[in-house]
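This is coords.json. It holds JSON, C-alpha atoms.
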```
[["chain", "number", "residue", "atom", "x", "y", "z"],
["A", 703, "MET", "CA", -43.09, 21.02, -15.68],
["A", 704, "PRO", "CA", -42.83, 21.64, -11.94],
["A", 705, "ARG", "CA", -42.59, 18.72, -9.57],
["A", 706, "TYR", "CA", -45.18, 18.49, -6.80],
["A", 707, "PHE", "CA", -44.73, 16.46, -3.62],
["A", 708, "MET", "CA", -47.78, 15.07, -1.86],
["A", 709, "HIS", "CA", -47.25, 14.35, 1.82],
["A", 710, "ILE", "CA", -49.92, 12.83, 4.03],
["A", 711, "ARG", "CA", -50.60, 14.68, 7.28],
["A", 712, "GLN", "CA", -51.99, 12.16, 9.78],
["A", 713, "GLY", "CA", -52.43, 13.55, 13.28],
["A", 714, "GLY", "CA", -49.03, 14.87, 14.29],
["A", 715, "GLN", "CA", -47.26, 12.66, 11.78],
["A", 716, "LEU", "CA", -46.20, 13.54, 8.22],
["A", 717, "ILE", "CA", -45.87, 10.65, 5.77],
["A", 718, "GLU", "CA", -43.39, 12.15, 3.35],
["A", 719, "ASP", "CA", -43.35, 11.90, -0.41],
["A", 720, "THR", "CA", -39.70, 12.05, -1.44],
["A", 721, "GLU", "CA", -40.30, 11.33, -5.13],
["A", 722, "GLY", "CA", -43.02, 13.73, -6.25],
["A", 723, "VAL", "CA", -44.71, 13.90, -9.62],
["A", 724, "GLU", "CA", -44.36, 16.31, -12.55],
["A", 725, "LEU", "CA", -47.60, 18.13, -13.36],
["A", 726, "PRO", "CA", -48.44, 21.24, -15.43],
["A", 727, "ASP", "CA", -49.71, 23.44, -12.57],
["A", 728, "LEU", "CA", -51.18, 23.54, -9.08],
["A", 729, "GLY", "CA", -54.69, 22.92, -10.45],
["A", 730, "ALA", "CA", -53.49, 19.64, -11.94],
["A", 731, "ALA", "CA", -51.73, 18.85, -8.66],
["A", 732, "ARG", "CA", -55.01, 19.34, -6.77],
["A", 733, "ALA", "CA", -56.84, 17.03, -9.21],
["A", 734, "TRP", "CA", -54.02, 14.45, -8.80],
["A", 735, "ALA", "CA", -54.31, 14.79, -5.00],
["A", 736, "LEU", "CA", -58.09, 14.30, -5.03],
["A", 737, "HIS", "CA", -57.68, 11.16, -7.15],
["A", 738, "GLY", "CA", -55.06, 9.84, -4.71],
["A", 739, "ILE", "CA", -57.20, 10.58, -1.66],
["A", 740, "ARG", "CA", -60.23, 8.82, -3.21],
["A", 741, "ASP", "CA", -58.03, 5.80, -3.90],
["A", 742, "LEU", "CA", -56.79, 5.72, -0.27],
["A", 743, "VAL", "CA", -60.22, 6.39, 1.23],
["A", 744, "GLY", "CA", -61.88, 3.85, -1.07],
["A", 745, "GLU", "CA", -59.63, 1.10, 0.19],
["A", 746, "ALA", "CA", -60.01, 2.26, 3.82],
["A", 747, "ILE", "CA", -63.81, 2.09, 3.50],
["A", 748, "ARG", "CA", -63.59, -1.35, 1.89],
["A", 749, "TYR", "CA", -61.82, -2.56, 5.03],
["A", 750, "GLY", "CA", -64.17, -0.67, 7.38],
["A", 751, "ARG", "CA", -61.61, 1.92, 8.52],
["A", 752, "ASP", "CA", -62.42, 5.55, 9.36],
["A", 753, "ASP", "CA", -59.00, 6.54, 10.73],
["A", 754, "TRP", "CA", -58.45, 8.81, 7.72],
["A", 755, "LEU", "CA", -61.25, 11.32, 8.49],
["A", 756, "ASP", "CA", -58.92, 13.99, 9.87],
["A", 757, "ASP", "CA", -56.05, 13.38, 7.42],
["A", 758, "ALA", "CA", -54.95, 15.87, 4.80],
["A", 759, "LEU", "CA", -52.69, 15.87, 1.77],
["A", 760, "VAL", "CA", -50.05, 18.60, 1.91],
["A", 761, "ILE", "CA", -48.77, 19.62, -1.52],
["A", 762, "THR", "CA", -45.30, 21.19, -1.53],
["A", 763, "ASP", "CA", -42.79, 22.26, -4.16],
["A", 764, "ALA", "CA", -39.27, 20.83, -4.39],
["A", 765, "THR", "CA", -38.02, 23.22, -1.68],
["A", 766, "GLY", "CA", -40.62, 21.93, 0.78],
["A", 767, "ARG", "CA", -42.77, 25.07, 0.64],
["A", 768, "GLU", "CA", -46.43, 24.28, 1.29],
["A", 769, "LEU", "CA", -48.56, 25.21, -1.71],
["A", 770, "MET", "CA", -51.89, 23.71, -0.78],
["A", 771, "ARG", "CA", -53.51, 21.53, 1.85],
["A", 772, "VAL", "CA", -56.35, 19.19, 0.82],
["A", 773, "PRO", "CA", -58.32, 17.66, 3.70],
["A", 774, "PHE", "CA", -59.33, 14.08, 2.83],
["A", 775, "ILE", "CA", -63.02, 14.83, 3.39],
["A", 776, "GLU", "CA", -62.89, 17.37, 0.53],
["A", 777, "ALA", "CA", -62.45, 14.43, -1.82],
["A", 778, "LEU", "CA", -65.74, 12.86, -0.73],
["A", 779, "PRO", "CA", -68.90, 13.13, -2.86],
["A", 780, "PRO", "CA", -70.81, 16.39, -2.05],
["A", 781, "ARG", "CA", -73.55, 15.04, 0.24],
["A", 782, "LEU", "CA", -71.09, 12.99, 2.27],
["A", 783, "TYR", "CA", -68.82, 16.02, 2.55],
["A", 784, "GLN", "CA", -71.69, 18.23, 3.74],
["A", 785, "ALA", "CA", -72.84, 15.62, 6.25],
["A", 786, "LEU", "CA", -69.34, 15.45, 7.75],
["A", 787, "HIS", "CA", -68.45, 19.12, 7.46],
["A", 788, "CYS", "CA", -71.23, 20.69, 9.55],
["B", 114, "MET", "CA", -19.82, -10.37, -19.89],
["B", 115, "SER", "CA", -21.92, -13.44, -19.12],
["B", 116, "ASN", "CA", -25.22, -13.73, -20.91],
["B", 117, "PRO", "CA", -28.17, -13.56, -18.46],
["B", 118, "LEU", "CA", -30.34, -15.61, -20.82],
["B", 119, "ILE", "CA", -27.91, -18.54, -20.73],
["B", 120, "GLY", "CA", -27.71, -18.28, -16.93],
["B", 121, "ARG", "CA", -31.46, -18.26, -16.63],
["B", 122, "LEU", "CA", -32.07, -21.13, -19.07],
["B", 123, "GLU", "CA", -29.38, -23.29, -17.45],
["B", 124, "ARG", "CA", -31.41, -23.33, -14.24],
["B", 125, "HIS", "CA", -33.62, -25.80, -16.10],
["B", 126, "GLY", "CA", -30.68, -28.07, -16.85],
["B", 127, "PRO", "CA", -27.22, -27.69, -18.44],
["B", 128, "LEU", "CA", -26.97, -26.55, -22.05],
["B", 129, "THR", "CA", -24.50, -28.00, -24.52],
["B", 130, "ASP", "CA", -21.63, -25.86, -25.81],
["B", 131, "GLU", "CA", -23.34, -25.74, -29.19],
["B", 132, "GLU", "CA", -26.58, -24.47, -27.63],
["B", 133, "LYS", "CA", -24.71, -21.81, -25.65],
["B", 134, "GLU", "CA", -22.82, -20.73, -28.76],
["B", 135, "VAL", "CA", -26.00, -20.32, -30.77],
["B", 136, "LEU", "CA", -27.64, -18.31, -27.96],
["B", 137, "GLN", "CA", -24.56, -16.11, -27.74],
["B", 138, "ARG", "CA", -24.58, -15.60, -31.50],
["B", 139, "ILE", "CA", -28.26, -14.70, -31.87],
["B", 140, "THR", "CA", -28.12, -12.23, -28.95],
["B", 141, "SER", "CA", -25.04, -10.35, -30.16],
["B", 142, "ARG", "CA", -26.86, -7.45, -31.87],
["B", 143, "THR", "CA", -27.58, -5.01, -29.05],
["B", 144, "THR", "CA", -29.20, -1.59, -28.74],
["B", 145, "ILE", "CA", -29.35, 0.82, -25.79],
["B", 146, "PHE", "CA", -32.65, 2.42, -24.80],
["B", 147, "GLY", "CA", -32.77, 5.35, -22.37],
["B", 148, "PRO", "CA", -35.34, 5.61, -19.54],
["B", 149, "HIS", "CA", -38.93, 5.77, -20.84],
["B", 150, "GLU", "CA", -37.89, 5.08, -24.44],
["B", 151, "THR", "CA", -40.06, 2.67, -26.38],
["B", 152, "ILE", "CA", -38.38, -0.69, -27.02],
["B", 153, "VAL", "CA", -41.28, -2.27, -28.93],
["B", 154, "PRO", "CA", -44.17, -0.01, -30.01],
["B", 155, "GLU", "CA", -47.75, -1.06, -29.20],
["B", 156, "GLY", "CA", -49.40, -2.50, -32.31],
["B", 157, "SER", "CA", -46.15, -2.92, -34.26],
["B", 158, "THR", "CA", -45.11, -6.05, -36.13],
["B", 159, "PRO", "CA", -41.46, -6.55, -35.21],
["B", 160, "SER", "CA", -39.11, -8.85, -37.11],
["B", 161, "HIS", "CA", -37.13, -9.55, -33.93],
["B", 162, "SER", "CA", -37.82, -10.32, -30.27],
["B", 163, "SER", "CA", -36.26, -8.16, -27.56],
["B", 164, "LEU", "CA", -34.16, -9.76, -24.85],
["B", 165, "ILE", "CA", -33.26, -7.57, -21.86],
["B", 166, "LEU", "CA", -29.52, -7.90, -21.16],
["B", 167, "ASP", "CA", -29.24, -5.02, -18.68],
["B", 168, "GLY", "CA", -31.75, -2.69, -17.12],
["B", 169, "PHE", "CA", -35.43, -2.79, -16.27],
["B", 170, "ALA", "CA", -38.37, -2.69, -18.69],
["B", 171, "SER", "CA", -42.16, -2.69, -18.60],
["B", 172, "ARG", "CA", -44.89, -4.14, -20.79],
["B", 173, "HIS", "CA", -47.97, -2.01, -21.08],
["B", 174, "ASN", "CA", -51.38, -1.64, -22.63],
["B", 175, "HIS", "CA", -53.34, 1.58, -22.95],
["B", 176, "SER", "CA", -57.09, 1.76, -22.50],
["B", 177, "LEU", "CA", -58.97, 3.54, -25.30],
["B", 178, "ASP", "CA", -59.20, 6.65, -23.11],
["B", 179, "GLY", "CA", -55.41, 6.71, -22.95],
["B", 180, "ARG", "CA", -54.68, 5.34, -19.50],
["B", 181, "ARG", "CA", -51.72, 3.03, -19.09],
["B", 182, "GLN", "CA", -51.77, -0.38, -17.43],
["B", 183, "ILE", "CA", -48.36, -1.93, -16.87],
["B", 184, "THR", "CA", -48.84, -5.68, -17.23],
["B", 185, "ALA", "CA", -45.29, -6.87, -16.51],
["B", 186, "PHE", "CA", -41.86, -5.76, -15.49],
["B", 187, "HIS", "CA", -38.90, -7.40, -17.22],
["B", 188, "VAL", "CA", -35.42, -7.91, -15.81],
["B", 189, "PRO", "CA", -32.15, -9.07, -17.42],
["B", 190, "GLY", "CA", -32.51, -12.54, -18.94],
["B", 191, "ASP", "CA", -36.18, -11.95, -19.83],
["B", 192, "PHE", "CA", -37.48, -11.85, -23.37],
["B", 193, "ALA", "CA", -40.02, -9.01, -23.31],
["B", 194, "ASP", "CA", -41.78, -10.22, -26.46],
["B", 195, "LEU", "CA", -40.68, -13.71, -27.41],
["B", 196, "HIS", "CA", -44.35, -14.24, -28.31],
["B", 197, "SER", "CA", -44.07, -11.74, -31.21],
["B", 198, "PHE", "CA", -42.17, -14.49, -33.07],
["B", 199, "VAL", "CA", -45.43, -16.44, -33.27],
["B", 200, "LEU", "CA", -48.15, -13.79, -32.74],
["B", 201, "LYS", "CA", -46.53, -11.26, -35.15],
["B", 202, "LYS", "CA", -48.54, -8.11, -34.36],
["B", 203, "MET", "CA", -47.92, -6.76, -30.86],
["B", 204, "ASP", "CA", -51.07, -6.36, -28.77],
["B", 205, "ASP", "CA", -49.03, -4.45, -26.18],
["B", 206, "GLY", "CA", -45.84, -2.42, -26.01],
["B", 207, "VAL", "CA", -42.50, -2.59, -24.24],
["B", 208, "ALA", "CA", -40.68, 0.42, -22.75],
["B", 209, "ALA", "CA", -37.49, 0.98, -20.80],
["B", 210, "VAL", "CA", -38.05, 1.92, -17.14],
["B", 211, "ALA", "CA", -34.32, 2.41, -16.57],
["B", 212, "THR", "CA", -31.64, 2.38, -19.27],
["B", 213, "CYS", "CA", -31.76, -1.00, -21.01],
["B", 214, "ARG", "CA", -29.29, -2.89, -23.13],
["B", 215, "VAL", "CA", -31.41, -5.04, -25.36],
["B", 216, "ALA", "CA", -30.48, -7.86, -27.72],
["B", 217, "GLU", "CA", -32.63, -7.82, -30.83],
["B", 218, "VAL", "CA", -33.04, -11.48, -31.74],
["B", 219, "ALA", "CA", -34.14, -11.90, -35.34],
["B", 220, "HIS", "CA", -37.24, -14.05, -35.81],
["B", 221, "ARG", "CA", -35.43, -15.93, -38.58],
["B", 222, "ASP", "CA", -32.82, -16.95, -35.98],
["B", 223, "LEU", "CA", -35.56, -18.12, -33.60],
["B", 224, "LYS", "CA", -37.00, -20.12, -36.51],
["B", 225, "GLU", "CA", -33.62, -21.82, -36.97],
["B", 226, "ILE", "CA", -33.60, -22.70, -33.27],
["B", 227, "THR", "CA", -37.02, -24.32, -33.50],
["B", 228, "LYS", "CA", -35.73, -26.37, -36.47],
["B", 229, "HIS", "CA", -32.42, -27.55, -35.06],
["B", 230, "PHE", "CA", -32.45, -27.22, -31.25],
["B", 231, "PRO", "CA", -35.43, -29.02, -29.68],
["B", 232, "HIS", "CA", -34.22, -28.60, -26.10],
["B", 233, "LEU", "CA", -33.68, -24.85, -26.53],
["B", 234, "THR", "CA", -37.10, -24.61, -28.15],
["B", 235, "ARG", "CA", -38.74, -26.23, -25.13],
["B", 236, "VAL", "CA", -36.81, -24.21, -22.60],
["B", 237, "LEU", "CA", -37.69, -20.95, -24.40],
["B", 238, "TRP", "CA", -41.30, -22.11, -24.53],
["B", 239, "HIS", "CA", -41.04, -22.66, -20.78],
["B", 240, "THR", "CA", -40.11, -18.97, -20.32],
["B", 241, "THR", "CA", -43.24, -17.78, -22.15],
["B", 242, "LEU", "CA", -45.35, -20.14, -20.03],
["B", 243, "VAL", "CA", -43.80, -18.63, -16.89],
["B", 244, "ASP", "CA", -44.62, -15.15, -18.26],
["B", 245, "GLY", "CA", -48.23, -16.34, -18.43],
["B", 246, "ALA", "CA", -48.03, -17.72, -14.88],
["B", 247, "VAL", "CA", -46.74, -14.35, -13.65],
["B", 248, "HIS", "CA", -49.69, -12.60, -15.37],
["B", 249, "ARG", "CA", -52.13, -15.00, -13.68],
["B", 250, "THR", "CA", -50.53, -14.40, -10.32],
["B", 251, "TRP", "CA", -50.65, -10.62, -10.79],
["B", 252, "LEU", "CA", -54.36, -10.94, -11.70],
["B", 253, "THR", "CA", -54.90, -12.80, -8.45],
["B", 254, "THR", "CA", -53.10, -10.17, -6.38],
["B", 255, "LEU", "CA", -54.97, -7.38, -8.21],
["B", 256, "GLY", "CA", -58.34, -9.01, -7.71],
["B", 257, "ARG", "CA", -57.95, -10.46, -4.26],
["B", 258, "MET", "CA", -55.35, -8.59, -2.21],
["B", 259, "ASP", "CA", -55.19, -5.15, -0.64],
["B", 260, "ALA", "CA", -52.65, -2.61, -1.88],
["B", 261, "ARG", "CA", -50.06, -3.35, 0.79],
["B", 262, "ALA", "CA", -50.15, -7.09, 0.12],
["B", 263, "ARG", "CA", -49.89, -6.52, -3.66],
["B", 264, "LEU", "CA", -46.69, -4.52, -3.29],
["B", 265, "ALA", "CA", -45.28, -6.90, -0.66],
["B", 266, "HIS", "CA", -45.94, -9.77, -3.09],
["B", 267, "PHE", "CA", -44.24, -7.95, -5.95],
["B", 268, "PHE", "CA", -41.14, -7.12, -3.90],
["B", 269, "CYS", "CA", -40.80, -10.82, -2.99],
["B", 270, "GLU", "CA", -41.27, -11.85, -6.63],
["B", 271, "LEU", "CA", -38.64, -9.41, -7.86],
["B", 272, "ASN", "CA", -36.21, -10.58, -5.20],
["B", 273, "ASP", "CA", -36.48, -14.13, -6.57],
["B", 274, "ARG", "CA", -36.43, -13.15, -10.26],
["B", 275, "LEU", "CA", -33.43, -10.85, -9.86],
["B", 276, "GLY", "CA", -31.74, -13.39, -7.59],
["B", 277, "ALA", "CA", -32.04, -15.98, -10.38],
["B", 278, "VAL", "CA", -29.81, -13.83, -12.61],
["B", 279, "GLY", "CA", -27.45, -12.73, -9.83],
["B", 280, "LEU", "CA", -28.89, -9.23, -9.43],
["B", 281, "ALA", "CA", -30.20, -9.51, -5.87],
["B", 282, "ASN", "CA", -27.74, -9.71, -2.98],
["B", 283, "ASP", "CA", -28.81, -10.47, 0.58],
["B", 284, "ASP", "CA", -32.42, -9.67, -0.29],
["B", 285, "SER", "CA", -31.60, -6.25, -1.75],
["B", 286, "TYR", "CA", -31.80, -5.06, -5.32],
["B", 287, "GLU", "CA", -32.15, -2.01, -7.57],
["B", 288, "LEU", "CA", -35.79, -1.08, -8.15],
["B", 289, "PRO", "CA", -35.80, 1.75, -10.69],
["B", 290, "ALA", "CA", -39.62, 1.94, -11.06],
["B", 291, "THR", "CA", -41.21, 5.21, -9.94],
["B", 292, "GLN", "CA", -44.32, 5.46, -7.76],
["B", 293, "GLU", "CA", -46.25, 6.23, -10.92],
["B", 294, "GLU", "CA", -45.01, 3.06, -12.65],
["B", 295, "LEU", "CA", -45.74, 0.91, -9.60],
["B", 296, "GLY", "CA", -49.17, 2.52, -9.43],
["B", 297, "ASP", "CA", -49.85, 1.78, -13.10],
["B", 298, "ALA", "CA", -48.84, -1.85, -12.54],
["B", 299, "PHE", "CA", -50.81, -2.47, -9.36],
["B", 300, "GLY", "CA", -53.88, -0.31, -9.85],
["B", 301, "MET", "CA", -52.98, 2.40, -7.36],
["B", 302, "SER", "CA", -52.56, 6.17, -7.33],
["B", 303, "THR", "CA", -49.07, 7.56, -6.61],
["B", 304, "VAL", "CA", -50.37, 8.88, -3.28],
["B", 305, "HIS", "CA", -51.43, 5.36, -2.34],
["B", 306, "VAL", "CA", -48.15, 3.80, -3.50],
["B", 307, "ASN", "CA", -46.19, 6.29, -1.40],
["B", 308, "ARG", "CA", -48.42, 5.60, 1.60],
["B", 309, "VAL", "CA", -47.88, 1.83, 1.36],
["B", 310, "LEU", "CA", -44.11, 2.17, 0.80],
["B", 311, "GLN", "CA", -43.78, 4.44, 3.84],
["B", 312, "ASP", "CA", -45.89, 2.02, 5.91],
["B", 313, "LEU", "CA", -43.70, -0.94, 4.85],
["B", 314, "ARG", "CA", -40.61, 1.10, 5.77],
["B", 315, "GLY", "CA", -42.13, 2.28, 9.04],
["B", 316, "ASP", "CA", -42.97, -1.31, 9.99],
["B", 317, "GLY", "CA", -39.36, -2.35, 9.36],
["B", 318, "LEU", "CA", -40.10, -4.65, 6.42],
["B", 319, "ILE", "CA", -38.10, -2.74, 3.82],
["B", 320, "THR", "CA", -35.54, 0.08, 3.62],
["B", 321, "SER", "CA", -34.83, 2.25, 0.58],
["B", 322, "ARG", "CA", -31.51, 3.82, -0.22],
["B", 323, "GLY", "CA", -31.94, 5.75, -3.44],
["B", 324, "LYS", "CA", -33.16, 3.17, -5.93],
["B", 325, "LEU", "CA", -31.85, 0.29, -3.79],
["B", 326, "LEU", "CA", -34.62, -1.69, -2.09],
["B", 327, "ILE", "CA", -33.54, -3.68, 0.95],
["B", 328, "ILE", "CA", -35.83, -6.36, 2.34],
["B", 329, "ASN", "CA", -35.20, -6.40, 6.09],
["B", 330, "ASP", "CA", -37.62, -9.14, 7.01],
["B", 331, "LEU", "CA", -38.26, -11.49, 4.09],
["B", 332, "ALA", "CA", -40.33, -13.94, 6.14],
["B", 333, "ARG", "CA", -42.78, -11.25, 7.22],
["B", 334, "LEU", "CA", -42.89, -9.66, 3.75],
["B", 335, "ARG", "CA", -43.73, -13.08, 2.26],
["B", 336, "GLU", "CA", -46.44, -13.60, 4.82],
["B", 337, "GLU", "CA", -47.99, -10.18, 4.19],
["B", 338, "GLY", "CA", -47.83, -10.68, 0.42],
["B", 339, "GLN", "CA", -49.09, -14.32, 0.69],
["B", 340, "TYR", "CA", -46.10, -15.10, -1.50],
["B", 341, "SER", "CA", -44.94, -18.48, -2.68],
["B", 342, "PRO", "CA", -42.47, -18.64, -5.61],
["B", 343, "ASP", "CA", -43.89, -21.88, -7.08],
["B", 344, "TYR", "CA", -45.46, -20.07, -10.07],
["B", 345, "LEU", "CA", -41.99, -18.95, -11.23],
["B", 346, "HIS", "CA", -40.93, -22.61, -11.79],
["B", 347, "MET", "CA", -37.38, -21.31, -11.40],
["B", 348, "ASP", "CA", -35.40, -24.50, -10.87],
["B", 349, "GLN", "CA", -37.70, -26.94, -12.60],
["B", 350, "LYS", "CA", -35.56, -29.28, -14.71],
["B", 351, "LEU", "CA", -36.55, -29.94, -18.31],
["B", 352, "GLU", "CA", -35.83, -33.38, -19.67],
["B", 353, "ARG", "CA", -33.48, -33.68, -22.61],
["B", 354, "ASP", "CA", -34.11, -36.16, -25.44]]
```
Have the structure of the file written as C-alpha cells, please.
Amino acid sequence: MPRYFMHIRQGGQLIEDTEGVELPDLGAARAWALHGIRDLVGEAIRYGRDDWLDDALVITDATGRELMRVPFIEALPPRLYQALHC
Amino acid sequence: MSNPLIGRLERHGPLTDEEKEVLQRITSRTTIFGPHETIVPEGSTPSHSSLILDGFASRHNHSLDGRRQITAFHVPGDFADLHSFVLKKMDDGVAAVATCRVAEVAHRDLKEITKHFPHLTRVLWHTTLVDGAVHRTWLTTLGRMDARARLAHFFCELNDRLGAVGLANDDSYELPATQEELGDAFGMSTVHVNRVLQDLRGDGLITSRGKLLIINDLARLREEGQYSPDYLHMDQKLERD
C-alpha cells in the first residue's frame, strides 16, 4: 500500500507530517484527511477558535509530490460549508 | 542481563535472594514478538501471563464495528496480563508495538508464588493496582483534557515509568509508537496527533530524533499535562511480615 503524508498548510506555514500513513488509494487518503480535519476543527470549535478557517491539508506521496489539497472548510457539514463558501 | 521485573519490584522494598531466584526462574522462558505481532489474543484463555522484558507493547480492545482503542502501553518490567492468572479469559488483547522479548510466566508458577511467597504476592498485586490507577488517570485525561494536554501528560508518565527501569536518560527515551497508535490510545486522528506533536516541538517542549523523544522542558510539559506522578506509586514501600 502506498504511504500518504498529510501536511497542514496554515497561512504561509507548513506543519509537516514526516511519518505518513499507509492507505489503499488516494480516495482512502481523502477520507482519512476529512476525518482528521473534523477531529482538529471539532476541538478548535470546542475551545471557541476559528483560526483554522483558511487552513488546508496537503496530501503528498513519499517523494513530497502534492497529490491533493483539502481545504478545512470542505470537511464541514454541507450547510455550514455553503454558508462559508459563498 | 538484569531482570526489569526485579528492579521494578525492589523499588517497593528489597527482595530476599530466594524471592529474586524464584522470579528469575519463572521468567526464564522467553519469546520474541516482532512489531505488530499479537502477544496475547483478544478473548483467549492463556495458561501464562506475559511479562515484557524488552520492547514496547500495547493493550487494546476493539469496538464491535472493528475500531481499535489502545487502553495501555507496557514497558519492560510490566506484566501485560498478570490479571489473566485470576480472570482466565482475556477481555482485551496485547500486541507488540516494537519488537518485544517476553517472558511467559506459567500460571501454575504464579500459583506457587501465592502459596509460598506472601511478600511477592502483595508486591505483584500492587502492580495490578497501579495498572488500574493508570487506567483511571487515562480516563481522566481523555474525559477532561484537550489533545495537547493528553499527550503532554502521557510523555511525562512514560518518562517516569521508563526511568523506573533505567530506560530514560536525562528526560529522553525511545518512543516507538506511531501517530496512529498514539491516536488510538488518546482518541485522536493521526492528523491531530501530528499537529500536536509539531506544536509541542515548535514550542520547544520536546524534540524528536528518529524514535528518540527528548523532553526539553519537563517543568512546562508537566504543567501543560497537569501531571503529577502520585498515581504511579513508584517508590511506595510495602511492609514485610
What residues in chain B have any atom no more than 8 Å from chain A when counting all atoms listed in the file, and can you write them as a short mmCIF file (atom, residue, chain, number, x, y, z; two decimals) with C-alpha atoms, in the frame of the given file?
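What ended up in selection-v7.cif:
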```cif
data_model
loop_
_atom_site.label_atom_id
_atom_site.label_comp_id
_atom_site.auth_asym_id
_atom_site.auth_seq_id
_atom_site.Cartn_x
_atom_site.Cartn_y
_atom_site.Cartn_z
CA ASP B 259 -55.19 -5.15 -0.64
CA THR B 291 -41.21 5.21 -9.94
CA GLN B 292 -44.32 5.46 -7.76
CA GLU B 293 -46.25 6.23 -10.92
CA MET B 301 -52.98 2.40 -7.36
CA SER B 302 -52.56 6.17 -7.33
CA THR B 303 -49.07 7.56 -6.61
CA VAL B 304 -50.37 8.88 -3.28
CA HIS B 305 -51.43 5.36 -2.34
CA ASN B 307 -46.19 6.29 -1.40
CA ARG B 308 -48.42 5.60 1.60
CA GLN B 311 -43.78 4.44 3.84
#
```
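The shortest atom-to-atom distance to Ala758 of chain A, with only C-alpha atoms taken into account, belongs to A:Ile775 out of A:Pro780, A:Ile775, A:Ala785, A:Pro704.
Note that atom CA of Gly713 of chain A and atom CA of Leu786 of chain A are 17.9 Å apart.
Among the candidate residues A:Arg705, A:Arg781, A:Arg732, A:Arg771, the one lying nearest to Asp757 of chain A is A:Arg771, with distances computed using only C-alpha atoms.
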(Q) List the spatial neighbours of Leu136 of chain B as a ChimeraX atom specification - criterion: any atom at most 10 Å away, only C-alpha atoms, same-chain residues fewer than 3 positions off excluded. (A) /B:116,118-119,130-133,139-141,218,222-223,226,233
Dump as a Markdown table the rows for residues of segment 246-302 of chain B within 9 Å of segment 158-181 of chain B: closest atom pair and distance in Å with one decimal, only C-alpha atoms counted, ordered by chain and rising residue number.
```
| residue | atom | partner | partner_atom | distance |
| --- | --- | --- | --- | --- |
| B:Leu288 | CA | B:Phe169 | CA | 8.3 |
| B:Pro289 | CA | B:Phe169 | CA | 7.2 |
| B:Ala290 | CA | B:Phe169 | CA | 8.2 |
| B:Glu294 | CA | B:Ser171 | CA | 8.8 |
| B:Asp297 | CA | B:Arg181 | CA | 6.4 |
| B:Ala298 | CA | B:His173 | CA | 8.6 |
```
Q | For atom CA of Val243 of chain B and atom CA of His346 of chain B, the interatomic separation in Å (one decimal) | A | 7.1 Å
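The space between atom CA of Leu345 of chain B and atom CA of Gly315 of chain B spans 29.4 Å.
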Would you fill the gaps in segment 141-145 of chain B so it has all heavy atoms, then print it as a PDB file, in the frame of the given file?
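Once written, result.pdb looks like this:
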```pdb
ATOM      1  N   SER B 141     -26.214 -11.225 -30.107  1.00  0.00           N
ATOM      2  CA  SER B 141     -25.040 -10.350 -30.160  1.00  0.00           C
ATOM      3  C   SER B 141     -25.360  -8.956 -30.698  1.00  0.00           C
ATOM      4  O   SER B 141     -24.575  -8.032 -30.531  1.00  0.00           O
ATOM      5  CB  SER B 141     -23.943 -11.006 -31.003  1.00  0.00           C
ATOM      6  OG  SER B 141     -24.436 -11.248 -32.295  1.00  0.00           O
ATOM      7  N   ARG B 142     -26.514  -8.786 -31.347  1.00  0.00           N
ATOM      8  CA  ARG B 142     -26.860  -7.450 -31.870  1.00  0.00           C
ATOM      9  C   ARG B 142     -27.615  -6.687 -30.779  1.00  0.00           C
ATOM     10  O   ARG B 142     -28.745  -7.054 -30.437  1.00  0.00           O
ATOM     11  CB  ARG B 142     -27.725  -7.595 -33.118  1.00  0.00           C
ATOM     12  CG  ARG B 142     -27.931  -6.286 -33.859  1.00  0.00           C
ATOM     13  CD  ARG B 142     -28.573  -6.529 -35.193  1.00  0.00           C
ATOM     14  NE  ARG B 142     -29.886  -7.146 -35.010  1.00  0.00           N
ATOM     15  CZ  ARG B 142     -31.000  -6.737 -35.642  1.00  0.00           C
ATOM     16  NH1 ARG B 142     -30.965  -5.737 -36.473  1.00  0.00           N
ATOM     17  NH2 ARG B 142     -32.141  -7.357 -35.432  1.00  0.00           N
ATOM     18  N   THR B 143     -26.964  -5.674 -30.205  1.00  0.00           N
ATOM     19  CA  THR B 143     -27.580  -5.010 -29.050  1.00  0.00           C
ATOM     20  C   THR B 143     -27.835  -3.526 -29.328  1.00  0.00           C
ATOM     21  O   THR B 143     -27.149  -2.894 -30.126  1.00  0.00           O
ATOM     22  CB  THR B 143     -26.708  -5.133 -27.785  1.00  0.00           C
ATOM     23  OG1 THR B 143     -25.465  -4.469 -28.002  1.00  0.00           O
ATOM     24  CG2 THR B 143     -26.454  -6.582 -27.437  1.00  0.00           C
ATOM     25  N   THR B 144     -28.827  -2.996 -28.653  1.00  0.00           N
ATOM     26  CA  THR B 144     -29.200  -1.590 -28.740  1.00  0.00           C
ATOM     27  C   THR B 144     -29.427  -1.078 -27.323  1.00  0.00           C
ATOM     28  O   THR B 144     -29.893  -1.838 -26.465  1.00  0.00           O
ATOM     29  CB  THR B 144     -30.513  -1.423 -29.549  1.00  0.00           C
ATOM     30  OG1 THR B 144     -30.363  -2.115 -30.784  1.00  0.00           O
ATOM     31  CG2 THR B 144     -30.817   0.031 -29.836  1.00  0.00           C
ATOM     32  N   ILE B 145     -29.112   0.201 -27.095  1.00  0.00           N
ATOM     33  CA  ILE B 145     -29.350   0.820 -25.790  1.00  0.00           C
ATOM     34  C   ILE B 145     -30.605   1.690 -25.871  1.00  0.00           C
ATOM     35  O   ILE B 145     -30.775   2.437 -26.837  1.00  0.00           O
ATOM     36  CB  ILE B 145     -28.144   1.717 -25.374  1.00  0.00           C
ATOM     37  CG1 ILE B 145     -26.831   0.937 -25.411  1.00  0.00           C
ATOM     38  CG2 ILE B 145     -28.395   2.380 -24.027  1.00  0.00           C
ATOM     39  CD1 ILE B 145     -26.584   0.026 -24.255  1.00  0.00           C
TER      40      ILE B 145
END
```
